[in-house]
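A.B. asks: I'd like to ask some things about the structure below.
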Amino acid sequence: MKSDKINTQITIERIVPNGFGLGFADNLTIFVPLAAVGDYVRVRITKKKKTKKKTIAFAEIVEVLEMSPTREQPLCDYYGVCGGCDFQHLKYSAQLEAKVSIIADCLRRIGNIQEHPSIGIIPSPKEFAYRARSRWHIDAKKNTIGYFSRGSHEVVAIDHCPILTETLQNELTNLRKKIDLSALS
């Protein structure tokens with residue numbers, strides 16, 4: 001379903017699975033990637049979808065009109081283009097709160113568990129350089145190794161990923177040097 005509205009303004013009320021910010025406007029439930037709770041944003045609706053009960057929309061941020069206090073500058077140069085991370089634009093404490101909120105919401109909506117015990121979370125001692133497993137993709141035509149772009153299967157060339165452990169980052173660097181990608185095309 002094509003969007004008939006180019007721009008609308010919403011306040012992001014919470015973060016839901018896949019890191020989408022959730023807001024409401026014009027009788028729509030709107031899902032916005034890369035948003036933070038409390039952001040007041042102008043969004044461009046990119047897709048509408050009718051469900052049994054309502055119409056939902058997916059949108060992208062055109063402009064942050066009022067920035068949430070939980071928003072911060074992502075450390076990664078590829079953030080927002082690369083589809084590997086959903087929360088780097090949030091302060092670490094807000095990332096943890098969002099994850100707990102997502103689990104509680106899923107228990108209510110999917111599990112029909114209205115009252116549940118408190119959900120505890122153990123923060124990682126490392127905010128970055130913790131990921132010890134990764135799946136890289138190769139685009140031999142573009143001579144590229146990296147991750148898929150957000151919402152697509154197009155490969156984004158990644159030289160450095162701040163969430164990889166040092167060992168895995170070194171492996172990516174060495175792999176880039178060793179592989180003749182042109183031989184794969």
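Note on naming: chains are A, B, ... as they come in the structure tokens, residues start from 1 per chain, ligands start from 1 in the order shown.
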Using only C-alpha atoms, determine which residues lie at most 12 Å from A:Ala35, disregarding the query and same-chain residues fewer than 4 positions distant; provide the list as a ChimeraX atom specification.
C.D. replies: /A:10-16,18-23,30-31,39-43,59-72,80,86-90,94-95,98
A.B. asks: Hey, what does DSSP flag as helix (DSSP H, G or I) within stretch 28-121 of chain A? Can you give it to me as a PyMOL selection string?
C.D. replies: chain A and resi 92-109
A.B. asks: Would you please work out which residue, of A:Glu166, A:Ile103, A:Asn27, A:Glu127, is nearest to A:Pro74 when using only C-alpha atoms?
C.D. replies: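 Using only C-alpha atoms, A:Pro74 sits closest to A:Glu127.
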A.B. asks: Can you tell me, as a VMD selection string, what residues are no more than 8 Å from A:His137 when counting only C-alpha atoms, ignoring any on the same chain fewer than 2 positions away?
C.D. replies: chain A and resid 135 139 145 to 148 155
A.B. asks: Would you write out, as a Markdown table, a table of all residues in stretch 59-98 of chain A that have an atom no more than 12 Å from an atom of stretch 160-164 of chain A, listing for each the closest atom pair and the distance in Å to one decimal, considering only C-alpha atoms and ordering rows by chain and rising residue number?
C.D. replies:
```
| residue | atom | partner | partner_atom | distance |
| --- | --- | --- | --- | --- |
| A:Pro74 | CA | A:Pro162 | CA | 10.1 |
| A:Leu75 | CA | A:Pro162 | CA | 7.2 |
| A:Cys76 | CA | A:Pro162 | CA | 6.2 |
| A:Asp77 | CA | A:Cys161 | CA | 8.7 |
| A:Tyr78 | CA | A:Cys161 | CA | 8.4 |
| A:Tyr79 | CA | A:Cys161 | CA | 9.7 |
| A:Cys82 | CA | A:Cys161 | CA | 10.2 |
| A:Gly84 | CA | A:Cys161 | CA | 9.6 |
| A:Cys85 | CA | A:Ile163 | CA | 9.1 |
| A:Phe87 | CA | A:Ile163 | CA | 11.7 |
| A:Gln88 | CA | A:Ile163 | CA | 9.9 |
```
